[in-house]
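Undergrad: The structure under discussion is supplied below as structure tokens; questions concerning it will follow.
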Amino acid sequence: MGIDFMEPSAVTSLVEHLAVIVFAITGALVASRKQMDIFGFVLLGTATGVGGGTVRDVLLGHLPLVWVQDPSYLVVCIVATSITFFTAHLVRSRYRALLWFDALGLSLFCVLGTEHALNIGAHPIVAILMGMITATFGGIIRDVLGGEVSLLLKREIYVTAALTGAVVFVGLEMVNQGRAVNLAVGFLCCFVVRGFALYFGWSVPAYKARPGRDIY
Amino acid sequence: MGIDFMEPSAVTSLVEHLAVIVFAITGALVASRKQMDIFGFVLLGTATGVGGGTVRDVLLGHLPLVWVQDPSYLVVCIVATSITFFTAHLVRSRYRALLWFDALGLSLFCVLGTEHALNIGAHPIVAILMGMITATFGGIIRDVLGGEVSLLLKREIYVTAALTGAVVFVGLEMVNQGRAVNLAVGFLCCFVVRGFALYFGWSVPAYKARPGRDIY
Amino acid sequence: MGIDFMEPSAVTSLVEHLAVIVFAITGALVASRKQMDIFGFVLLGTATGVGGGTVRDVLLGHLPLVWVQDPSYLVVCIVATSITFFTAHLVRSRYRALLWFDALGLSLFCVLGTEHALNIGAHPIVAILMGMITATFGGIIRDVLGGEVSLLLKREIYVTAALTGAVVFVGLEMVNQGRAVNLAVGFLCCFVVRGFALYFGWSVPAYKARPGRDIY
């Protein structure tokens with residue numbers, strides 16, 4: 001017995017749905033930029049929402065996928081993207097909204113994806129990579145299918161933010177067992193790094209070709 | 001005993017091969033538009049032919065893939081695309097041919113993919129999505145690899161047609177058990193919708209940005 | 001006992017790591033052409049290095065992936081791409097370097113991928129296709145993520161070289177059992193074909209539209 005009306009796995013599932021919804025909305029906002037129809041909104045949004053976790057689970061061999069067994073993930077994507085179709089025009093600056101929703105999804109998924117891989121017994125290095133994949137592949141799929149410039153090609157602090165959150169979370173996991181606190185701190189680190197980058201237009205030092213070489 | 005010289009699974013397998021061939025030809029026709037060599041025809045055609053079913057089965061965790069266990073799917077792709085390499089110039093209007101072959105493959109795969117997912121025990125919503133994925137991902141892979149504008153970005157009734165066919169088929173499955181009739185009706189619904197869209201240049205209402213917002 | 005300080009599987013693992021490193025460097029060189037930051041180098045290089053084998057193993061249902069169980073593949077990618085980030089400017093003609101590293105990786109992976117599929121019990125036709133996929137998909141992923149023109153669209157002898165190596169290796173396997181020699185000969189055939197194509201600018205006969213058709 002007890003008053004476990006909110007057991008840990010239920011909280012995780014809730015946060016996961018939240019992250020899926022947030023990314024689905026970013027997909028729908030790209031669909032609005034491309035003036036797609038409502039099915040384009042739903043499809044691009046759903047692919048963005050569940051894409052990162054799907055790539056992670058296929059790579060880990062963790063099949064069948066969670067959204068195949070539990071259609072609630074698809075239902076929230078369909079509902080969220082449909083609502084976006086009818087309300088997106090109310091938002092004054094949709095591109096800024098897209099960037100901040102994306103930052104939120106990135107931060108949620110980088111710790112959730114890393115935790116998921118650790119739970120399955122993956123090596124910490126693999127778990128960190130899985131966190132980065134979960135966080136970034138939804139957006140990569142969205143940009144490829146939506147014909148946007150891939151975020152990998154923009155010189156912004158994006159992947160780096162996901163890396164930061166995943167590394168902080170794994171590091172904290174190695175020294176203590178307070179899973180919820182570790183997740184929260186990892187999430188905050190990623191969101192702060194990405195948020196500062198968005199707000200101040202930060203970028204990491206890019207590769208610069210030095211002079212004295214052949215033109216290629 | 002009996003006169004089961006054509007049992008149901010044999011018919012399904014035959015229709016599946018037909019759908020694979022039809023999509024393989026669309027891949028080969030894109031290869032001809034890009035003036036690829038014969039290996040480009042075979043590779044792009046094969047990826048288009050088996051791509052949709054491959055994505056579906058990986059997502060469903062239905063591994064190993066059917067074409068890994070039964071190379072006949074690859075053989076028909078190789079043969080069909082090679083024939084296309086030597087005969088494509090005989091077709092006066094290859095782009096129209098591509099569109100109509102594509103519509104045929106779309107309609108076949110949307111019901112076959114949905115049925116496949118239902119057989120495995122997927123939820124109807126998941127099954128409908130799997131039908132749409134089977135029907136559209138061969139073409140998406142073809143367009144990405146072939147450098148064409150993704151069909152998701154064109155404002156045509158395409159995904160909508162696959163959705164129609166899959167929904168009609170699932171709806172009929174819920175009320176009766178005549179699998180063959182249900183498949184045929186679902187196929188026809190998709191083909192008619194897509195065919196009318198092609199013939200009359202129909203499109204669904206696109207998202208239109210309303211005035212009074214910031215430029216983004 | 002004996003002096004098996006170098007058993008066959010250890011050699012295979014060593015050669016596999018070498019192929020992964022070589023492809024990871026090509027990814028890093030594309031990252032340098034796009035002036036990415038160090039994380040872009042690592043991510044694009046790692047995706048290129050393990051991408052081909054990943055696609056193959058997902059299609060074969062050979063999960064979990066080898067690099068998920070053995071992080072050493074990721075570690076060599078991270079190290080090799082980081083070194084490339086700090087040294088790429090020392091190479092006078094990086095584009096030529098990229099092409100030759102790519103040819104080396106292509107030749108290694110086309111025989112290793114084919115052998116891997118044969119070991120699992122795949123049909124020879126499937127095994128040849130798997131060798132081609134292992135050899136080419138790392139580069140395809142690199143070009144899509146890095147925004148380069150896909151190698152499938154260039155009219156060079158590339159896929160053809162991988163096909164040659166895979167077919168020669170499978171043919172030799174059918175007549176004798178000297179695995180190491182067969183691998184070496186298959187590797188050399190692929191490398192010579194690709195090398196000659198690079199050196200002399202060879203290409204296979206492309207599809208040419210004949211006159212007398214509608215413009216499409």
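We label chains A, B, ... in the order they appear in the structure tokens, count residues from 1 in each chain, and number ligands from 1 in the order shown.
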Counting only C-alpha atoms, what is within 9 Å of region 113-124 of chain A, bar same-chain residues fewer than 3 positions away, as JSON, numbers by chain?

TA: {"A": [52, 53, 56, 57, 60, 62, 108, 109, 110, 127, 128, 129, 130, 131, 132, 133, 134, 135, 166, 167, 169, 170, 179, 183], "C": [68, 69, 70, 71]}

Undergrad: Residues near Ile140 (chain C), anyone? I mean within 10 Å using only C-alpha atoms, not counting same-chain ones fewer than 5 positions away, as a list in words.

TA: Leu145 of chain B; Thr48, Gly51, Gly52, Ile133, Ala135, Leu145, Gly146, Glu148, Val149, Ser150, Leu151 and Leu152 of chain C

Undergrad: Excluding Val42 (chain A) and its own-chain neighbours fewer than 6 positions away, which residues fall within 7 Å of it when counting only C-alpha atoms? Please give them as a PyMOL selection string.

TA: chain A and resi 28+78+81-82

Undergrad: Would you mind exporting C-alpha atoms of the selected residues as an mmCIF file, in the first residue's frame?

TA:
```
data_model
loop_
_atom_site.group_PDB
_atom_site.id
_atom_site.type_symbol
_atom_site.label_atom_id
_atom_site.label_comp_id
_atom_site.auth_asym_id
_atom_site.auth_seq_id
_atom_site.Cartn_x
_atom_site.Cartn_y
_atom_site.Cartn_z
ATOM 1 C CA ALA A 28 4.224 21.469 -36.734
ATOM 2 C CA ILE A 78 -1.871 14.064 -33.420
ATOM 3 C CA THR A 81 -0.093 19.166 -34.041
ATOM 4 C CA SER A 82 -3.779 19.559 -34.954
#
```

Undergrad: Please list as a list in words every residue within 8 Å of Ala88 (chain A), counting only C-alpha atoms and excluding residues in the same chain fewer than 6 positions away.

TA: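 Counting only the stated atoms, we get Leu29, Ser32 and Arg94 of chain A.
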
Undergrad: Could you write those residues out with N, CA and C atoms, as an mmCIF file, in the first residue's frame?

TA:
```
data_model
loop_
_atom_site.group_PDB
_atom_site.id
_atom_site.type_symbol
_atom_site.label_atom_id
_atom_site.label_comp_id
_atom_site.auth_asym_id
_atom_site.auth_seq_id
_atom_site.Cartn_x
_atom_site.Cartn_y
_atom_site.Cartn_z
ATOM 1 N N LEU A 29 5.421 23.564 -36.339
ATOM 2 C CA LEU A 29 5.786 24.946 -36.661
ATOM 3 C C LEU A 29 6.607 25.009 -37.947
ATOM 4 N N SER A 32 4.206 24.770 -40.635
ATOM 5 C CA SER A 32 3.514 26.039 -40.888
ATOM 6 C C SER A 32 4.387 26.977 -41.713
ATOM 7 N N ARG A 94 6.600 33.074 -34.603
ATOM 8 C CA ARG A 94 6.648 31.622 -34.531
ATOM 9 C C ARG A 94 8.054 31.055 -34.571
#
```

Undergrad: Let's see if you can do this: from backbone DSSP, list all alpha helix (DSSP H) residues in region 9-148 of chain B, as an MDAnalysis selection string.

TA: chainID B and resid 9:33 38:60 66:69 72:87 94:120 124:146

Undergrad: Write out as a tab-separated table the residues of chain B that have any atom within 10 Å of an atom of chain C, one row each with the nearest atom pair and its distance in Å to one decimal, counting only C-alpha atoms, sorted by chain and then rising number.

TA:
```
residue	atom	partner	partner_atom	distance
B:Ala31	CA	C:Tyr207	CA	8.4
B:Ser32	CA	C:Tyr207	CA	6.3
B:Arg33	CA	C:Ala209	CA	8.5
B:Lys34	CA	C:Leu153	CA	7.3
B:Gln35	CA	C:Tyr207	CA	4.8
B:Met36	CA	C:Ala206	CA	5.3
B:Asp37	CA	C:Ala206	CA	4.1
B:Ile38	CA	C:Ala206	CA	7.2
B:Phe39	CA	C:Thr160	CA	6.8
B:Gly40	CA	C:Leu152	CA	6.9
B:Phe41	CA	C:Tyr207	CA	9.0
B:Leu43	CA	C:Val159	CA	8.8
B:Leu44	CA	C:Leu152	CA	8.6
B:Thr54	CA	C:Leu59	CA	7.7
B:Val55	CA	C:Leu59	CA	9.3
B:Asp57	CA	C:Leu59	CA	9.3
B:Val58	CA	C:Val58	CA	7.4
B:Gly61	CA	C:Gly61	CA	8.5
B:His62	CA	C:Gly61	CA	8.5
B:Leu63	CA	C:Gly61	CA	5.1
B:Pro64	CA	C:Gly61	CA	4.8
B:Leu65	CA	C:Leu59	CA	6.5
B:Val66	CA	C:Leu59	CA	9.9
B:Trp67	CA	C:Val126	CA	8.1
B:Val68	CA	C:Val126	CA	6.1
B:Gln69	CA	C:Ala122	CA	7.3
B:Asp70	CA	C:His123	CA	8.3
B:Pro71	CA	C:Val126	CA	6.4
B:Ser72	CA	C:Ile125	CA	9.6
B:Leu74	CA	C:Val126	CA	8.0
B:Val75	CA	C:Ile125	CA	8.5
B:Phe85	CA	C:Tyr207	CA	7.2
B:Phe86	CA	C:Tyr207	CA	8.7
B:Ala88	CA	C:Ala209	CA	8.5
B:His89	CA	C:Ala209	CA	6.1
B:Leu90	CA	C:Arg213	CA	8.0
B:Val91	CA	C:Arg213	CA	7.7
B:Arg92	CA	C:Arg213	CA	5.1
B:Ser93	CA	C:Asp214	CA	5.9
B:Arg94	CA	C:Tyr216	CA	7.0
B:Tyr95	CA	C:Tyr216	CA	6.1
B:Arg96	CA	C:Tyr216	CA	8.5
B:Val144	CA	C:Val144	CA	8.5
B:Leu145	CA	C:Ser150	CA	7.0
B:Gly146	CA	C:Leu153	CA	6.8
B:Gly147	CA	C:Leu153	CA	7.7
```

Undergrad: Once you have the residues from the selection above, write them out as a PDB file, in the first residue's frame, restricted to C-alpha atoms.

TA:
```
ATOM      1  CA  ALA B  31      17.340   7.454 -61.914  1.00  0.00           C
ATOM      2  CA  SER B  32      16.637   8.026 -65.616  1.00  0.00           C
ATOM      3  CA  ARG B  33      15.735  11.671 -64.920  1.00  0.00           C
ATOM      4  CA  LYS B  34      19.115  12.030 -63.187  1.00  0.00           C
ATOM      5  CA  GLN B  35      20.922  10.149 -65.987  1.00  0.00           C
ATOM      6  CA  MET B  36      22.425   7.599 -63.588  1.00  0.00           C
ATOM      7  CA  ASP B  37      24.206   4.454 -64.767  1.00  0.00           C
ATOM      8  CA  ILE B  38      22.617   0.982 -64.626  1.00  0.00           C
ATOM      9  CA  PHE B  39      23.821   0.366 -61.061  1.00  0.00           C
ATOM     10  CA  GLY B  40      22.215   3.614 -59.984  1.00  0.00           C
ATOM     11  CA  PHE B  41      18.962   2.396 -61.550  1.00  0.00           C
ATOM     12  CA  LEU B  43      20.182   0.634 -56.321  1.00  0.00           C
ATOM     13  CA  LEU B  44      17.695   3.511 -56.326  1.00  0.00           C
ATOM     14  CA  THR B  54      11.765  -2.125 -44.414  1.00  0.00           C
ATOM     15  CA  VAL B  55      11.081   0.991 -42.337  1.00  0.00           C
ATOM     16  CA  ASP B  57       9.317  -3.843 -40.124  1.00  0.00           C
ATOM     17  CA  VAL B  58      12.250  -2.197 -38.341  1.00  0.00           C
ATOM     18  CA  GLY B  61      10.705  -5.049 -34.563  1.00  0.00           C
ATOM     19  CA  HIS B  62       9.678  -7.677 -37.126  1.00  0.00           C
ATOM     20  CA  LEU B  63      13.228  -8.833 -37.883  1.00  0.00           C
ATOM     21  CA  PRO B  64      14.996 -10.275 -39.821  1.00  0.00           C
ATOM     22  CA  LEU B  65      13.404  -8.547 -42.790  1.00  0.00           C
ATOM     23  CA  VAL B  66      11.396 -10.513 -45.305  1.00  0.00           C
ATOM     24  CA  TRP B  67      13.755  -9.649 -48.204  1.00  0.00           C
ATOM     25  CA  VAL B  68      16.747 -10.787 -46.134  1.00  0.00           C
ATOM     26  CA  GLN B  69      15.158 -14.209 -45.758  1.00  0.00           C
ATOM     27  CA  ASP B  70      13.639 -14.366 -49.229  1.00  0.00           C
ATOM     28  CA  PRO B  71      15.915 -12.817 -51.900  1.00  0.00           C
ATOM     29  CA  SER B  72      13.135 -13.045 -54.508  1.00  0.00           C
ATOM     30  CA  LEU B  74      15.629  -8.269 -54.505  1.00  0.00           C
ATOM     31  CA  VAL B  75      15.661 -10.346 -57.688  1.00  0.00           C
ATOM     32  CA  PHE B  85      17.215   1.021 -67.961  1.00  0.00           C
ATOM     33  CA  PHE B  86      16.976  -0.391 -71.477  1.00  0.00           C
ATOM     34  CA  ALA B  88      12.660   3.871 -70.435  1.00  0.00           C
ATOM     35  CA  HIS B  89      13.443   5.911 -73.564  1.00  0.00           C
ATOM     36  CA  LEU B  90      10.541   4.194 -75.349  1.00  0.00           C
ATOM     37  CA  VAL B  91       8.038   5.826 -73.015  1.00  0.00           C
ATOM     38  CA  ARG B  92       6.991   9.194 -74.387  1.00  0.00           C
ATOM     39  CA  SER B  93       6.155  10.885 -71.104  1.00  0.00           C
ATOM     40  CA  ARG B  94       8.135   9.279 -68.365  1.00  0.00           C
ATOM     41  CA  TYR B  95       7.181  11.768 -65.664  1.00  0.00           C
ATOM     42  CA  ARG B  96       3.463  10.967 -66.046  1.00  0.00           C
ATOM     43  CA  VAL B 144      16.077  12.058 -50.680  1.00  0.00           C
ATOM     44  CA  LEU B 145      18.629   9.774 -52.402  1.00  0.00           C
ATOM     45  CA  GLY B 146      17.662  10.992 -55.873  1.00  0.00           C
ATOM     46  CA  GLY B 147      17.832  14.671 -54.956  1.00  0.00           C
TER      47      GLY B 147
END
```

Undergrad: Any idea what's packed within 9 Å of Asp102 (chain B), counting only C-alpha atoms, ignoring anything in its chain fewer than 4 positions away? Could you give it as a list in words?

TA: Val22, Phe23, Ile25, Thr26, Ala97, Leu98, Leu106, Ser107 and Gly139 of chain B

Undergrad: Can I get the selected residues back with N, CA and C atoms, as a compact mmCIF listing (two decimals), in the first residue's frame?

TA:
```txt
# COMPACT_ATOMS: atom_id res chain seq x y z
N VAL B 22 6.43 -2.23 -58.82
CA VAL B 22 5.91 -0.94 -59.27
C VAL B 22 6.72 0.21 -58.67
N PHE B 23 7.01 0.12 -57.36
CA PHE B 23 7.81 1.17 -56.74
C PHE B 23 9.26 1.16 -57.23
N ILE B 25 10.19 0.46 -60.17
CA ILE B 25 10.19 1.15 -61.46
C ILE B 25 10.16 2.66 -61.27
N THR B 26 9.41 3.15 -60.26
CA THR B 26 9.42 4.61 -60.04
C THR B 26 10.83 5.09 -59.65
N ALA B 97 4.24 8.68 -66.34
CA ALA B 97 4.32 7.24 -66.01
C ALA B 97 4.75 7.06 -64.57
N LEU B 98 5.78 7.83 -64.17
CA LEU B 98 6.27 7.75 -62.80
C LEU B 98 5.15 8.03 -61.81
N LEU B 106 1.51 3.16 -54.12
CA LEU B 106 0.98 3.80 -52.91
C LEU B 106 -0.28 3.08 -52.42
N SER B 107 -1.18 2.80 -53.35
CA SER B 107 -2.47 2.19 -53.00
C SER B 107 -2.28 0.74 -52.54
N GLY B 139 8.93 6.16 -51.41
CA GLY B 139 9.04 7.39 -52.19
C GLY B 139 9.87 8.46 -51.52
```

Undergrad: Just to confirm, what's the straight-line distance from CA of Gly165 (chain B) to CA of Val111 (chain B) in Å (one decimal)?

TA: 6.5 Å

Undergrad: What gap, in Å, lies between CA of Val11 (chain A) and CA of Phe196 (chain A)?

TA: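 It comes out at 27.8 Å.
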
Undergrad: Between CA of Gln177 (chain A) and CA of Ala161 (chain A), what is the distance, to one decimal in Å?

TA: 23.3 Å

Undergrad: Taking only C-alpha atoms into account, name the residue in C:Gly195, C:Gly49, C:Gly178, C:Gly105 that is nearest to Val76 (chain C).

TA: C:Gly49
